[in-house]
Each structure stands twice: as structure tokens, then as C-alpha cells.
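Structure record follows, encoded as C-alpha cells.
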Amino acid sequence: MTRRIAANPIPWWSQAGKTREVFEDAFTALRDIGFTAVKADVPDGMGTAEYRSWLDGFGLEPSTGLFSSPLDHTVRPAELLEQARRFAAQQAALGLDRTMLSSMSVPERMQRPAVGAAFDQGRFDHAVDLAGRVCEVFRAEGVRALHHSHVGGVFETEAEVTGLLDALGPDLLGFGPDTGHLAWAGADPVALLRRYADRTGAIHLKDLHPDHLPAQDATGDYRTLSRSGRLWAEPGRGVLDLGAVLAALPDDYDGDWMVEVDFPSVGDVVESHRLSFAWAQEVLGAHTAP
């Protein structure tokens with residue numbers, strides 16, 4: 001892969017859904033701003049080849065996608081692995097050689113986010129096993145799995161993230177961190193990037209406002225805090241040292257730079273992404289592919 005400035009248009013689809021109409025609005029705006037790649041999400045009812053051709057029409061390319069599941073005992077393993085197989089085959093057909101894997105939406109942790117609520121060793125071990133089996137399915141389809149940290153999932157805290165990565169090992173699972181989700185849960189993104197530098201294949205560059213930090217002192221569930229407008233910040237406008245994050249990446253890092261603002265802290269989603277792209281051009285421009 002070559003490094004591009006990419007975007008996940010999550011503010012467009014997080015409440016409206018991943019429809020063709022929603023993505024058309026997002027892709028038009030992102031193209032006009034200057035982004036060259038977007039997170040690979042094929043809308044329901046659209047074939048992979050059609051999606052790729054459709055993206056080409058915007059002058060955009062698919063960037064590292066994300067496969068998510070609670071990975072807990074509510075999941076039926078056979079169904080999960082078949083979903084993983086189809087997803088990985090789709091990503092490979094789009095020309096991608098890696099994808100992110102994340103645990104999301106565990107009820108107790110959505111209710112009390114970013115504090116490792118209701119830790120259960122049995123659930124954790126079960127999730128590690130399921131994650132490993134998903135990684136093996138991905139590998140069989142020619143796609144490398146990268147763990148993507150996410151508040152609200154089984155692998156939320158720093159100890160849980162390192163426990164998963166160390167249990168599965170570098171041959172099976174790489175690292176694709178989200179700087180904002182790690183920091184919200186009290187982890188140190190820079191230290192983790194240094195620890196797993198040789199396993200890092202993708203990254204979501206996300207910033208945070210200080211209003212709901214530390215998480216132990218915040219009041220509200222995941223959705224309330226995430227959509228408050230005072231949690232996520234456009235890159236460079238929050239409290240994270242993204243310069244140190246970038247410095248911690250290895251010299252041979254070959255993934256995209258995906259900027260992500262789950263919920264804009266400015267009033268307009270287009271302006272949010274314009275600010276994000278301006279930051280990315282200034283900070284990352286010299287590091288992107290021509």
C-alpha cells in the first residue's frame with residue numbers, strides 16, 4: 001500500500017445508515033475538500049465491482065475497512081466466521097491486503113464507557129479465541145487482520161488491548177489503533193505504537209477535547225458522550241499529541257493516514273472535514289504518496 005490521506009465518513013452514516021444516497025453526499029463533499037481515499041464500506045445491495053467503479057467516479061479509492069462484532073457469547077461462531085469470510089473476500093476484491101478487526105457494542109460497556117466496566121475473564125478469553133479464528137479466516141482470504149481499539153467493546157482498556165495482541169501474536173494479528181478511543185479509555189497511544197511498531201499497518205488519527213476526561217469522571221453512556229460535540233475533536237484541535245503519535249510510527253509504515261471525527265465539534269460536518277484535511281495536508285503532506 002501507499003500512504004494516502006483518507007477519511008471515514010462516519011458523521012454522515014452513523015445515524016442515517018450506509019446507503020448509496022448517504023455515501024453520495026459524503027463522497028461528493030470529501031472529493032471537493034481534497035481527500036483521495038475513504039474507508040471501504042460497500043452499501044447494502046451494491047456489488048463489489050459496482051462499488052469500486054462508483055468510487056472511481058468520485059476520484060476516490062478504497063482504504064482500510066473494519067470488521068466489527070461484540071466477539072462475546074451473544075455471537076454464533078459459525079455465522080460470525082462466514083460473515084468474516086465474505087467481508088475479507090470483498091476487501092481483497094477491492095485490492096486491499098489488510099483490514100481492521102474490532103469488538104464493539106457490549107451493553108455494559110456502552111452504558112459505562114471507557115472504564116473497563118464489568119470485566120469478565122471468561123468473556124475476555126472467549127473473545128480472544130473468536131478473534132483468533134476470525135484472523136485465520138481473513139488470512140485464508142489473503143487479508144491481514146489489524147486490531148482496532150474501540151470503547152464499548154471487550155478490548156477497551158490498555159491491559160485488554162495488550163492482552164489480546166500478546167495472546168494472538170504478530171503472525172496472526174497486527175495493530176491498527178484508533179488514537180482517540182485508546183486515549184479516552186486511559187491508554188497511551190504513543191507507548192502502544194512504540195510497543196507494537198512492527199505490527200502497525202493502519203491508523204485512525206482522532207483527537208479529543210478534555211471535557212469528558214478522565215473517563216472515570218464523565219457522566220453519560222457511549223452515545224450521549226460520543227455525540228455531545230465535546231468529546232471528539234478535529235485533528236490538531238484537541239488535547240492529544242498527534243505529533244508524538246506520528247513520530248512513534250516506524251519509518252517503513254505503509255498504511256494510509258485515516259482522519260476520523262465521529263461527531264463534529266464544529267457545527268457543520270463539511271467544515272469539520274475541511275479542517276481535518278487542512279491539518280492533514282500541513283502535517284502529513286510530505287509523508288503521503290504522490
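Note on naming: chains are A, B, ... as they come in the C-alpha cells, residues start from 1 per chain, ligands start from 1 in the order shown.
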Distance query A:Gly180 at most 8 Å, only C-alpha atoms, self and fewer than 3 positions along chain excluded, as a list in words:
Ala183, Trp184, Leu205, Lys206, Asp207, Leu208 and Trp232 of chain A
To one decimal place, how far is atom CA of A:Phe67 from atom CA of A:His273 in Å?
23.6 Å
Near A:Pro77, within 10 Å and counting only C-alpha atoms, which residues show up once chain neighbours fewer than 6 positions away are dropped, as a PyMOL selection string?
chain A and resi 71+83+130+133-134
Output file for the selection above: N, CA and C atoms, as a PDB file, in the first residue's frame:
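Once everything was written out, this is selection27.pdb:
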```
ATOM      1  N   LEU A  71     -17.940 -10.050  19.656  1.00  0.00           N
ATOM      2  CA  LEU A  71     -16.998 -11.136  19.956  1.00  0.00           C
ATOM      3  C   LEU A  71     -17.236 -11.729  21.340  1.00  0.00           C
ATOM      4  N   GLN A  83     -19.534 -14.524   8.030  1.00  0.00           N
ATOM      5  CA  GLN A  83     -19.549 -13.082   7.781  1.00  0.00           C
ATOM      6  C   GLN A  83     -18.125 -12.565   7.562  1.00  0.00           C
ATOM      7  N   LEU A 130     -12.326 -16.178  19.673  1.00  0.00           N
ATOM      8  CA  LEU A 130     -13.096 -15.822  18.482  1.00  0.00           C
ATOM      9  C   LEU A 130     -12.299 -14.897  17.570  1.00  0.00           C
ATOM     10  N   ARG A 133      -9.858 -16.846  15.570  1.00  0.00           N
ATOM     11  CA  ARG A 133     -10.486 -17.615  14.491  1.00  0.00           C
ATOM     12  C   ARG A 133     -10.867 -16.701  13.321  1.00  0.00           C
ATOM     13  N   VAL A 134     -11.303 -15.496  13.622  1.00  0.00           N
ATOM     14  CA  VAL A 134     -11.585 -14.528  12.558  1.00  0.00           C
ATOM     15  C   VAL A 134     -10.305 -14.177  11.810  1.00  0.00           C
TER      16      VAL A 134
END
```
Which residue, A:Pro264, A:Pro235, A:Pro43, A:Pro62, has the smallest gap to A:Arg98 when you use only C-alpha atoms?
A:Pro62
